[in-house]
file work.cif (mmCIF, C-alpha atoms)
data_start
#
loop_
_atom_site.label_atom_id
_atom_site.label_comp_id
_atom_site.auth_asym_id
_atom_site.auth_seq_id
_atom_site.Cartn_x
_atom_site.Cartn_y
_atom_site.Cartn_z
CA MET A 46 58.60 32.70 -151.34
CA THR A 47 58.26 34.93 -154.38
CA GLU A 48 58.24 38.66 -153.85
CA THR A 49 55.76 40.54 -156.00
CA ASP A 50 55.16 43.70 -154.05
CA SER A 51 53.31 45.86 -156.50
CA SER A 52 49.87 45.31 -155.11
CA GLY A 53 49.03 48.75 -153.79
CA ASP A 54 49.10 50.69 -157.03
CA ARG A 55 47.31 48.08 -159.03
CA GLY A 56 44.54 47.79 -156.49
CA ARG A 57 44.02 51.53 -156.56
CA SER A 58 43.95 51.97 -160.31
CA ALA A 59 41.59 49.04 -160.74
CA THR A 60 39.16 50.70 -158.39
CA THR A 61 39.31 54.14 -159.93
CA ALA A 62 38.73 52.54 -163.30
CA GLY A 63 35.22 51.94 -162.01
CA GLY A 64 32.83 49.09 -162.56
CA ASP A 65 33.60 47.58 -159.19
CA GLU A 66 30.05 47.16 -157.95
CA SER A 67 30.20 43.48 -158.79
CA GLU A 68 32.90 43.03 -156.17
CA ALA A 69 31.03 44.65 -153.33
CA ASP A 70 30.77 41.27 -151.63
CA GLY A 71 34.52 40.83 -151.69
CA ARG A 72 34.87 37.98 -154.14
CA PRO A 73 36.66 38.68 -157.39
CA THR A 74 34.32 37.80 -160.21
CA ALA A 75 35.48 35.97 -163.31
CA ASP A 76 35.61 39.35 -165.03
CA ALA A 77 37.59 41.03 -162.28
CA THR A 78 40.23 38.34 -161.97
CA SER A 79 41.07 38.64 -165.62
CA THR A 80 41.76 42.37 -165.32
CA ARG A 81 43.25 42.44 -161.83
CA ARG A 82 45.86 40.19 -160.34
CA VAL A 83 45.62 39.36 -156.69
CA ALA A 84 49.00 40.11 -155.11
CA PHE A 85 51.24 37.72 -153.17
CA SER A 86 53.61 39.94 -151.23
CA ARG A 87 55.73 39.91 -148.13
CA SER A 88 53.65 42.70 -146.64
CA GLY A 89 50.52 40.60 -147.18
CA ALA A 90 52.13 37.69 -145.35
CA ARG A 91 53.25 39.99 -142.55
CA ARG A 92 49.74 41.35 -142.18
CA GLY A 93 48.35 37.83 -141.99
CA PHE A 94 50.91 36.85 -139.37
CA ARG A 95 50.14 39.91 -137.24
CA ASP A 96 46.35 39.58 -137.49
CA CYS A 97 46.54 35.88 -136.64
CA LEU A 98 48.81 36.11 -133.59
CA PRO A 99 45.99 36.60 -131.04
CA VAL A 100 44.09 33.71 -132.62
CA ALA A 101 47.26 31.61 -132.63
CA VAL A 102 47.56 32.20 -128.89
CA GLY A 103 44.09 30.69 -128.55
CA VAL A 104 45.20 27.79 -130.75
CA ALA A 105 48.24 27.34 -128.49
CA GLY A 106 45.76 26.73 -125.68
CA TYR A 107 44.59 23.49 -127.17
CA GLY A 108 48.05 22.84 -128.60
CA VAL A 109 49.17 22.39 -124.99
CA ALA A 110 46.15 20.16 -124.43
CA PHE A 111 47.18 18.11 -127.49
CA GLY A 112 50.74 17.78 -126.17
CA VAL A 113 49.49 16.54 -122.82
CA LEU A 114 47.12 14.02 -124.42
CA ALA A 115 49.74 12.81 -126.90
CA SER A 116 52.19 12.27 -124.09
CA GLN A 117 49.60 10.38 -122.06
CA ALA A 118 48.87 8.22 -125.11
CA GLY A 119 52.52 7.14 -125.10
CA LEU A 120 54.01 9.37 -127.79
CA SER A 121 57.40 10.88 -127.07
CA ALA A 122 57.86 14.65 -127.15
CA ALA A 123 59.75 14.31 -130.44
CA GLU A 124 56.98 12.21 -132.03
CA ALA A 125 54.18 14.53 -130.93
CA THR A 126 56.12 17.56 -132.14
CA LEU A 127 56.82 15.90 -135.48
CA MET A 128 53.10 15.29 -135.83
CA SER A 129 52.23 18.91 -135.09
CA ALA A 130 54.87 20.23 -137.48
CA THR A 131 53.96 17.99 -140.43
CA VAL A 132 50.22 17.38 -140.03
CA LEU A 133 49.05 20.75 -138.66
CA ALA A 134 45.41 19.77 -138.14
CA GLY A 135 44.19 20.10 -134.56
CA ALA A 136 41.01 18.05 -134.69
CA ALA A 137 42.62 15.19 -136.62
CA GLN A 138 45.63 15.09 -134.30
CA LEU A 139 43.48 15.05 -131.17
CA LEU A 140 41.42 12.22 -132.63
CA ALA A 141 44.57 10.35 -133.67
CA VAL A 142 46.11 10.34 -130.19
CA ASP A 143 42.72 9.36 -128.82
CA LEU A 144 42.73 6.33 -131.13
CA TRP A 145 46.39 5.75 -130.32
CA ALA A 146 45.60 5.50 -126.63
CA ALA A 147 42.89 2.98 -127.51
CA SER A 148 45.47 0.91 -129.47
CA ALA A 149 43.65 1.36 -132.79
CA SER A 150 45.24 0.00 -135.97
CA VAL A 151 47.42 2.15 -138.20
CA ALA A 152 44.78 1.99 -140.96
CA THR A 153 42.09 3.24 -138.58
CA ILE A 154 44.19 6.20 -137.51
CA VAL A 155 45.03 7.23 -141.07
CA LEU A 156 41.44 6.76 -142.27
CA ALA A 157 40.09 8.78 -139.34
CA THR A 158 42.56 11.52 -140.19
CA ALA A 159 41.26 11.61 -143.76
CA ALA A 160 37.63 11.69 -142.63
CA VAL A 161 38.13 14.52 -140.16
CA ASN A 162 40.09 16.50 -142.73
CA LEU A 163 37.63 16.14 -145.61
CA ARG A 164 36.37 19.60 -144.78
CA TYR A 165 39.71 21.01 -146.01
CA LEU A 166 38.57 20.13 -149.54
CA LEU A 167 35.76 22.63 -149.05
CA LEU A 168 37.99 25.23 -147.41
CA GLY A 169 40.56 24.93 -150.19
CA ALA A 170 37.83 25.31 -152.80
CA THR A 171 36.69 28.59 -151.24
CA LEU A 172 40.26 29.95 -151.45
CA ARG A 173 40.63 29.26 -155.16
CA PRO A 174 39.49 32.65 -156.58
CA TRP A 175 42.41 34.42 -154.87
CA PHE A 176 44.97 31.95 -156.15
CA ALA A 177 43.70 31.87 -159.72
CA ASP A 178 46.73 33.83 -160.97
CA ARG A 179 49.32 32.64 -158.48
CA SER A 180 52.08 30.16 -159.22
CA ALA A 181 51.86 26.50 -158.23
CA LEU A 182 54.55 27.02 -155.59
CA GLU A 183 52.69 29.94 -154.00
CA THR A 184 49.36 28.13 -154.17
CA TYR A 185 50.35 24.66 -152.99
CA GLY A 186 52.96 25.95 -150.57
CA SER A 187 50.29 28.09 -148.92
CA ALA A 188 47.88 25.15 -148.93
CA PHE A 189 49.98 23.33 -146.32
CA PHE A 190 49.42 26.21 -143.88
CA THR A 191 45.64 26.07 -144.14
CA ALA A 192 44.09 25.55 -140.71
CA ASP A 193 40.49 26.29 -139.73
CA GLU A 194 41.33 29.44 -137.83
CA ASN A 195 43.58 31.18 -140.31
CA TRP A 196 41.41 30.10 -143.20
CA ALA A 197 38.49 31.94 -141.57
CA LEU A 198 40.66 35.00 -140.89
CA THR A 199 41.86 34.91 -144.50
CA MET A 200 38.32 34.77 -145.85
CA ARG A 201 37.49 37.78 -143.69
CA ALA A 202 40.56 39.69 -144.87
CA PHE A 203 39.74 38.91 -148.51
CA ALA A 204 36.15 40.04 -148.01
CA ASP A 205 37.24 43.27 -146.30
CA ALA A 206 39.91 44.04 -148.90
CA GLY A 207 37.68 43.08 -151.80
CA ALA A 208 35.00 45.54 -150.75
CA THR A 209 37.30 48.53 -151.24
CA ASP A 210 40.49 47.01 -152.63
CA GLY A 211 42.77 49.61 -151.16
CA ALA A 212 40.77 52.55 -152.50
CA ASP A 213 40.17 54.18 -149.13
CA GLY A 214 43.67 53.55 -147.79
CA SER A 215 42.79 50.07 -146.50
CA GLU A 216 44.89 47.08 -147.47
CA PRO A 217 44.46 45.54 -150.94
CA THR A 218 43.72 41.85 -151.44
CA ASP A 219 46.84 39.79 -150.96
CA ALA A 220 46.89 35.99 -151.26
CA ALA A 221 50.01 35.72 -149.07
CA TYR A 222 47.76 36.55 -146.11
CA LEU A 223 46.98 32.81 -145.90
CA LEU A 224 50.66 31.87 -145.66
CA GLY A 225 51.45 34.56 -143.07
CA SER A 226 48.50 33.73 -140.84
CA GLY A 227 49.25 30.01 -141.24
CA LEU A 228 52.85 30.53 -140.13
CA ALA A 229 51.60 32.17 -136.93
CA ILE A 230 49.38 29.15 -136.27
CA TRP A 231 52.17 26.70 -137.13
CA LEU A 232 54.73 28.36 -134.85
CA LEU A 233 52.45 28.48 -131.81
CA TRP A 234 50.93 25.06 -132.49
CA VAL A 235 54.37 23.39 -132.59
CA ALA A 236 55.67 25.37 -129.61
CA ALA A 237 52.55 24.59 -127.59
CA THR A 238 52.91 20.89 -128.42
CA VAL A 239 56.45 20.88 -127.03
CA VAL A 240 55.27 22.66 -123.89
CA GLY A 241 52.35 20.25 -123.50
CA THR A 242 54.43 17.07 -123.86
CA LEU A 243 57.14 18.29 -121.51
CA ALA A 244 54.66 19.58 -118.93
CA SER A 245 52.36 16.57 -119.16
CA ASP A 246 53.27 15.40 -115.67
CA GLY A 247 52.39 18.78 -114.19
CA VAL A 248 49.17 19.43 -116.12
CA ALA A 249 47.11 16.42 -115.29
CA ASP A 250 43.85 18.07 -116.26
CA PRO A 251 43.90 20.66 -119.07
CA ALA A 252 40.19 21.33 -118.51
CA ARG A 253 41.00 22.98 -115.19
CA TYR A 254 42.65 25.84 -117.03
CA GLY A 255 39.93 26.11 -119.64
CA LEU A 256 42.40 25.05 -122.35
CA ASP A 257 39.81 22.80 -123.93
CA ALA A 258 37.37 25.71 -124.22
CA ALA A 259 39.73 27.70 -126.45
CA PHE A 260 38.67 25.87 -129.61
CA LEU A 261 34.98 26.74 -129.24
CA ALA A 262 35.79 30.32 -128.21
CA VAL A 263 37.94 30.88 -131.30
CA PHE A 264 35.19 29.67 -133.61
CA VAL A 265 32.42 31.68 -131.98
CA ALA A 266 34.54 34.82 -132.37
CA ILE A 267 35.25 33.97 -136.01
CA ALA A 268 31.55 33.38 -136.68
CA VAL A 269 30.70 36.81 -135.26
CA ASP A 270 33.37 38.24 -137.52
CA LEU A 271 32.10 36.48 -140.64
CA TRP A 272 28.49 37.53 -140.00
CA ASP A 273 27.48 39.55 -143.01
CA GLY A 274 23.98 40.66 -142.08
CA ARG A 275 20.55 39.30 -142.78
CA THR A 276 21.40 37.35 -145.94
CA ASP A 277 23.34 34.99 -143.70
CA LEU A 278 20.48 34.39 -141.30
CA LEU A 279 18.68 31.64 -143.20
CA PRO A 280 21.72 29.59 -144.34
CA TRP A 281 23.36 29.92 -140.93
CA THR A 282 20.23 28.84 -139.10
CA ALA A 283 19.85 25.85 -141.42
CA ALA A 284 23.51 24.89 -140.90
CA PHE A 285 23.26 25.30 -137.13
CA VAL A 286 20.10 23.24 -136.78
CA ALA A 287 21.34 20.50 -139.13
CA ALA A 288 24.75 20.30 -137.43
CA LEU A 289 23.21 20.33 -133.96
CA THR A 290 20.73 17.53 -134.65
CA THR A 291 23.36 15.45 -136.49
CA ALA A 292 25.89 15.91 -133.68
CA VAL A 293 23.32 14.71 -131.16
CA ALA A 294 22.16 11.75 -133.27
CA VAL A 295 25.31 10.51 -135.03
CA PRO A 296 28.74 9.93 -133.48
CA GLY A 297 31.79 11.30 -135.25
CA ARG A 298 32.11 14.44 -137.28
CA TRP A 299 29.27 13.94 -139.74
CA TYR A 300 27.61 17.05 -138.33
CA LEU A 301 30.14 19.16 -140.23
CA LEU A 302 29.03 17.68 -143.53
CA ALA A 303 25.35 17.92 -142.61
CA GLY A 304 25.66 21.56 -141.55
CA ALA A 305 27.71 22.60 -144.56
CA LEU A 306 25.32 20.82 -146.91
CA ALA A 307 22.14 22.25 -145.37
CA GLY A 308 23.53 25.78 -145.13
CA GLY A 309 25.08 25.66 -148.59
CA LEU A 310 21.89 24.39 -150.24
CA ILE A 311 19.72 27.01 -148.53
CA GLY A 312 22.20 29.73 -149.47
CA VAL A 313 22.26 28.74 -153.13
CA ARG A 314 18.49 28.32 -153.21
CA ARG A 315 18.07 31.79 -151.74
CA ALA A 316 20.31 33.33 -154.38
CA ASP A 317 18.28 31.56 -157.10
CA VAL A 318 15.04 32.98 -155.75
CA GLY A 319 16.63 36.43 -155.55
CA VAL A 320 17.64 36.32 -159.22
CA ASP A 321 14.20 35.07 -160.27
CA SER A 322 12.26 37.79 -158.48
CA ARG A 323 14.49 40.48 -159.92
CA GLU A 324 13.84 39.19 -163.41
CA VAL A 325 10.10 39.18 -162.84
CA GLY A 326 10.14 42.69 -161.38
CA GLY A 327 12.39 44.38 -163.91
CA MET B 24 52.95 7.44 -118.10
CA SER B 25 55.68 8.66 -120.38
CA SER B 26 57.51 5.40 -120.92
CA SER B 27 59.52 6.68 -123.87
CA PRO B 28 62.26 9.29 -123.57
CA ALA B 29 61.43 12.74 -124.97
CA THR B 30 63.63 12.35 -128.04
CA ALA B 31 62.55 8.82 -128.98
CA LEU B 32 61.42 8.40 -132.61
CA GLU B 33 59.96 4.95 -133.05
CA PRO B 34 59.93 3.97 -136.78
CA THR B 35 56.29 2.78 -136.82
CA THR B 36 55.14 5.94 -135.06
CA VAL B 37 57.06 8.14 -137.48
CA GLY B 38 55.50 6.20 -140.37
CA VAL B 39 51.96 6.77 -139.05
CA VAL B 40 52.69 10.46 -138.48
CA LEU B 41 54.00 10.89 -142.02
CA ALA B 42 51.01 9.01 -143.46
CA MET B 43 48.74 11.39 -141.53
CA ALA B 44 50.71 14.32 -142.92
CA VAL B 45 50.34 13.11 -146.52
CA VAL B 46 46.60 12.46 -146.14
CA THR B 47 46.05 15.85 -144.52
CA TYR B 48 48.02 17.72 -147.16
CA ALA B 49 46.07 15.93 -149.88
CA THR B 50 42.82 17.32 -148.47
CA LYS B 51 44.26 20.81 -148.02
CA ALA B 52 45.65 21.03 -151.55
CA GLY B 53 42.93 18.91 -153.16
CA GLY B 54 40.15 21.49 -152.94
CA LEU B 55 42.32 24.20 -154.48
CA TRP B 56 43.49 21.85 -157.20
CA LEU B 57 40.04 20.53 -158.13
CA VAL B 58 38.30 23.90 -158.33
CA GLY B 59 41.13 25.28 -160.44
CA ARG B 60 40.33 22.65 -163.05
CA LEU B 61 36.58 23.07 -163.16
CA GLU B 62 34.57 25.79 -164.84
CA LEU B 63 32.48 27.24 -162.02
CA THR B 64 28.80 27.95 -162.55
CA GLU B 65 27.20 30.94 -160.84
CA ARG B 66 25.48 28.64 -158.37
CA ALA B 67 28.76 26.98 -157.48
CA GLU B 68 30.28 30.42 -156.86
CA THR B 69 27.37 31.31 -154.60
CA ALA B 70 27.90 28.06 -152.74
CA LEU B 71 31.58 28.90 -152.22
CA GLU B 72 30.53 32.28 -150.83
CA VAL B 73 28.08 30.74 -148.37
CA LEU B 74 30.28 27.82 -147.29
CA PRO B 75 32.83 29.54 -145.00
CA GLY B 76 30.14 30.92 -142.70
CA VAL B 77 28.04 27.77 -142.55
CA ILE B 78 31.11 25.57 -141.90
CA VAL B 79 32.14 27.76 -138.97
CA VAL B 80 28.58 27.68 -137.63
CA SER B 81 28.53 23.88 -137.96
CA ILE B 82 31.82 23.55 -136.06
CA VAL B 83 30.37 25.73 -133.30
CA ALA B 84 27.18 23.63 -133.19
CA GLY B 85 29.17 20.41 -132.81
CA GLU B 86 31.30 21.88 -130.03
CA LEU B 87 28.20 23.12 -128.21
CA VAL B 88 26.76 19.61 -128.24
CA GLU B 89 29.98 18.27 -126.72
CA GLY B 90 29.98 20.96 -124.03
CA GLY B 91 27.62 21.72 -121.18
CA PRO B 92 26.06 24.86 -119.63
CA GLU B 93 29.53 26.26 -118.77
CA GLU B 94 30.67 26.10 -122.40
CA TRP B 95 27.33 27.45 -123.67
CA LEU B 96 27.57 30.48 -121.42
CA GLY B 97 31.25 30.95 -122.30
CA ALA B 98 30.34 30.88 -126.01
CA ALA B 99 27.60 33.46 -125.43
CA VAL B 100 30.11 35.73 -123.66
CA VAL B 101 32.57 35.39 -126.56
CA ALA B 102 29.83 36.26 -129.06
CA LEU B 103 28.67 39.26 -127.03
CA VAL B 104 32.14 40.70 -126.40
CA ALA B 105 33.26 40.07 -129.98
CA ARG B 106 30.16 41.81 -131.31
CA LYS B 107 30.37 44.81 -128.96
CA THR B 108 34.12 45.43 -128.99
CA GLU B 109 35.27 43.72 -132.21
CA ARG B 110 38.41 42.75 -130.31
CA LEU B 111 39.21 39.08 -130.71
CA PRO B 112 41.74 38.60 -127.86
CA LEU B 113 39.43 40.31 -125.38
CA ALA B 114 36.51 38.14 -126.48
CA LEU B 115 38.60 34.96 -126.12
CA VAL B 116 39.89 35.86 -122.67
CA ALA B 117 36.38 36.81 -121.50
CA GLY B 118 34.86 33.58 -122.82
CA ILE B 119 37.54 31.21 -121.51
CA GLY B 120 37.57 33.10 -118.20
CA THR B 121 33.83 32.57 -117.93
CA VAL B 122 34.21 28.83 -118.47
CA VAL B 123 36.98 28.54 -115.88
CA LEU B 124 35.00 30.56 -113.32
CA LEU B 125 31.83 28.54 -113.85
CA ARG B 126 33.71 25.25 -113.56
CA GLY B 127 35.33 26.43 -110.37
CA SER B 128 32.02 27.25 -108.75
CA VAL B 129 30.21 24.06 -109.75
#
call {"tool": "encode", "arguments": {"input": "work.cif", "output": "structure tokens"}}
result
Amino acid sequence: MTETDSSGDRGRSATTAGGDESEADGRPTADATSTRRVAFSRSGARRGFRDCLPVAVGVAGYGVAFGVLASQAGLSAAEATLMSATVLAGAAQLLAVDLWAASASVATIVLATAAVNLRYLLLGATLRPWFADRSALETYGSAFFTADENWALTMRAFADAGATDGADGSEPTDAAYLLGSGLAIWLLWVAATVVGTLASDGVADPARYGLDAAFLAVFVAIAVDLWDGRTDLLPWTAAFVAALTTAVAVPGRWYLLAGALAGGLIGVRRADVGVDSREVGG
Amino acid sequence: MSSSPATALEPTTVGVVLAMAVVTYATKAGGLWLVGRLELTERAETALEVLPGVIVVSIVAGELVEGGPEEWLGAAVVALVARKTERLPLALVAGIGTVVLLRGSV
């Protein structure tokens, strides 16, 4: 990992230079990224790790559940742990061992993995502005550690930092946050898998301990965190309704695509209307 | 039914696992790579701003469909506690605790 710990000063001077209104929503604009480099420092990674630990504990909950299920599907502890360490994608792994237990073909398992993980294309795209100036190693090394939970935390941290960018003593934007938070997830995910596979005889029913509910709980909490006020209401409602109806009507994970599409379209449409009315009024 | 010893690494299994790893990494790095090579319009930037929230909401919606009244109430507790206290661990414990309690009583 490259150490470039000069973020604090730069963040401060950029803010005092003024003209930061365009970044009030936390995303560096094309203009801002050309004048200000987003840092990638050890302290940023540390912050990500620390912030993500409680979430990672929640992830460990269904990591144990994954270990139990993998073991019951016939995978050895070593195989299940190898999967957790190299794949690092909870939903895909759970689906894979499910298919494994049903004696699905290798092609089916790999294709299902790709389908479930298609959303990472979207998640990766949303991360791009913060990695615009970072090296290929920093960018694509961090990419491996993208999981749903730490991606959401990272987006929140970027939004929070972008609003002030260290001006009021808060932390400046730091792209290494993704890597640090991802490491927390990775460590607990792998450890939980080991625990789950080894304890599989003892824990016959993960649901009894609410382990299966951890996934939903983590995402509800993240949604509350990401809530940005009334501008979110319409896109979120559209996404929720579209995802809900698709999940009821269509098997598989198509509801993710439906929800993201509906919410994204409404959000963009709303912004268009906002720009139009301002032009008419002013 | 753990028929295989804990340390067993069957070649076919390892192959499938590594194929899964490659496919997953391709999706994780692919989005970053693609967007870095495209000139983004203002609308595309707006879309990228909206997407995180609506994806999370969609994941929640799908999970709610899979769950029942216990999970719905647990999710409501998480939302309430997270909103009031802004403390993630507390919200998680409260929500999962609710689910476990409800399941125990049913």
call {"tool": "residues_near_point", "arguments": {"input": "work.cif", "point": "(49.7, 39.5, -138.9)", "cutoff": "10 Å", "atoms": "all atoms listed in the file", "output": "number ranges by chain"}}
result
A: 88-99, 222, 225-229
call {"tool": "closest_residue", "arguments": {"input": "work.cif", "among": "B:Pro28, B:Gly127, B:Gly59, B:Gly118", "to": "Val104 of chain B", "atoms": "only C-alpha atoms"}}
result
B:Gly118
call {"tool": "resolve_selection", "arguments": {"input": "work.cif", "expression": "the PyMOL selection byres ((chain B and resi 38) around 12)", "output": "list in words"}}
result
Glu124, Leu127, Met128, Thr131, Val151, Ala152, Ile154 and Val155 of chain A; Leu32, Glu33, Pro34, Thr35, Thr36, Val37, Val39, Val40, Leu41, Ala42, Met43, Ala44 and Val45 of chain B
call {"tool": "resolve_selection", "arguments": {"input": "work.cif", "expression": "the PyMOL selection byres ((chain B) within 7 of (chain A))", "output": "ChimeraX atom specification"}}
result
/B:24-32,37,39-40,42-44,46-48,50-55,58-59,66,69-71,73-74,76-86,88,94,98,101-102,105-106,111-112,115,118-119,122-123
call {"tool": "residues_around", "arguments": {"input": "work.cif", "residues": "Thr121 of chain B", "least_positions_apart": "6", "cutoff": "8 Å", "atoms": "only C-alpha atoms", "output": "ChimeraX atom specification"}}
result
/B:93,96-97,100
call {"tool": "atom_distance", "arguments": {"input": "work.cif", "atom1": "atom CA of Ala117 of chain B", "atom2": "atom CA of Val240 of chain A"}}
result
23.7 Å
call {"tool": "closest_residue", "arguments": {"input": "work.cif", "among": "B:Gly120, B:Arg110, B:Leu125, B:Ala49", "to": "Pro92 of chain B", "atoms": "all atoms listed in the file"}}
result
B:Leu125
call {"tool": "atom_distance", "arguments": {"input": "work.cif", "atom1": "atom CA of Asp143 of chain A", "atom2": "atom CA of Gly106 of chain A"}}
result
17.9 Å
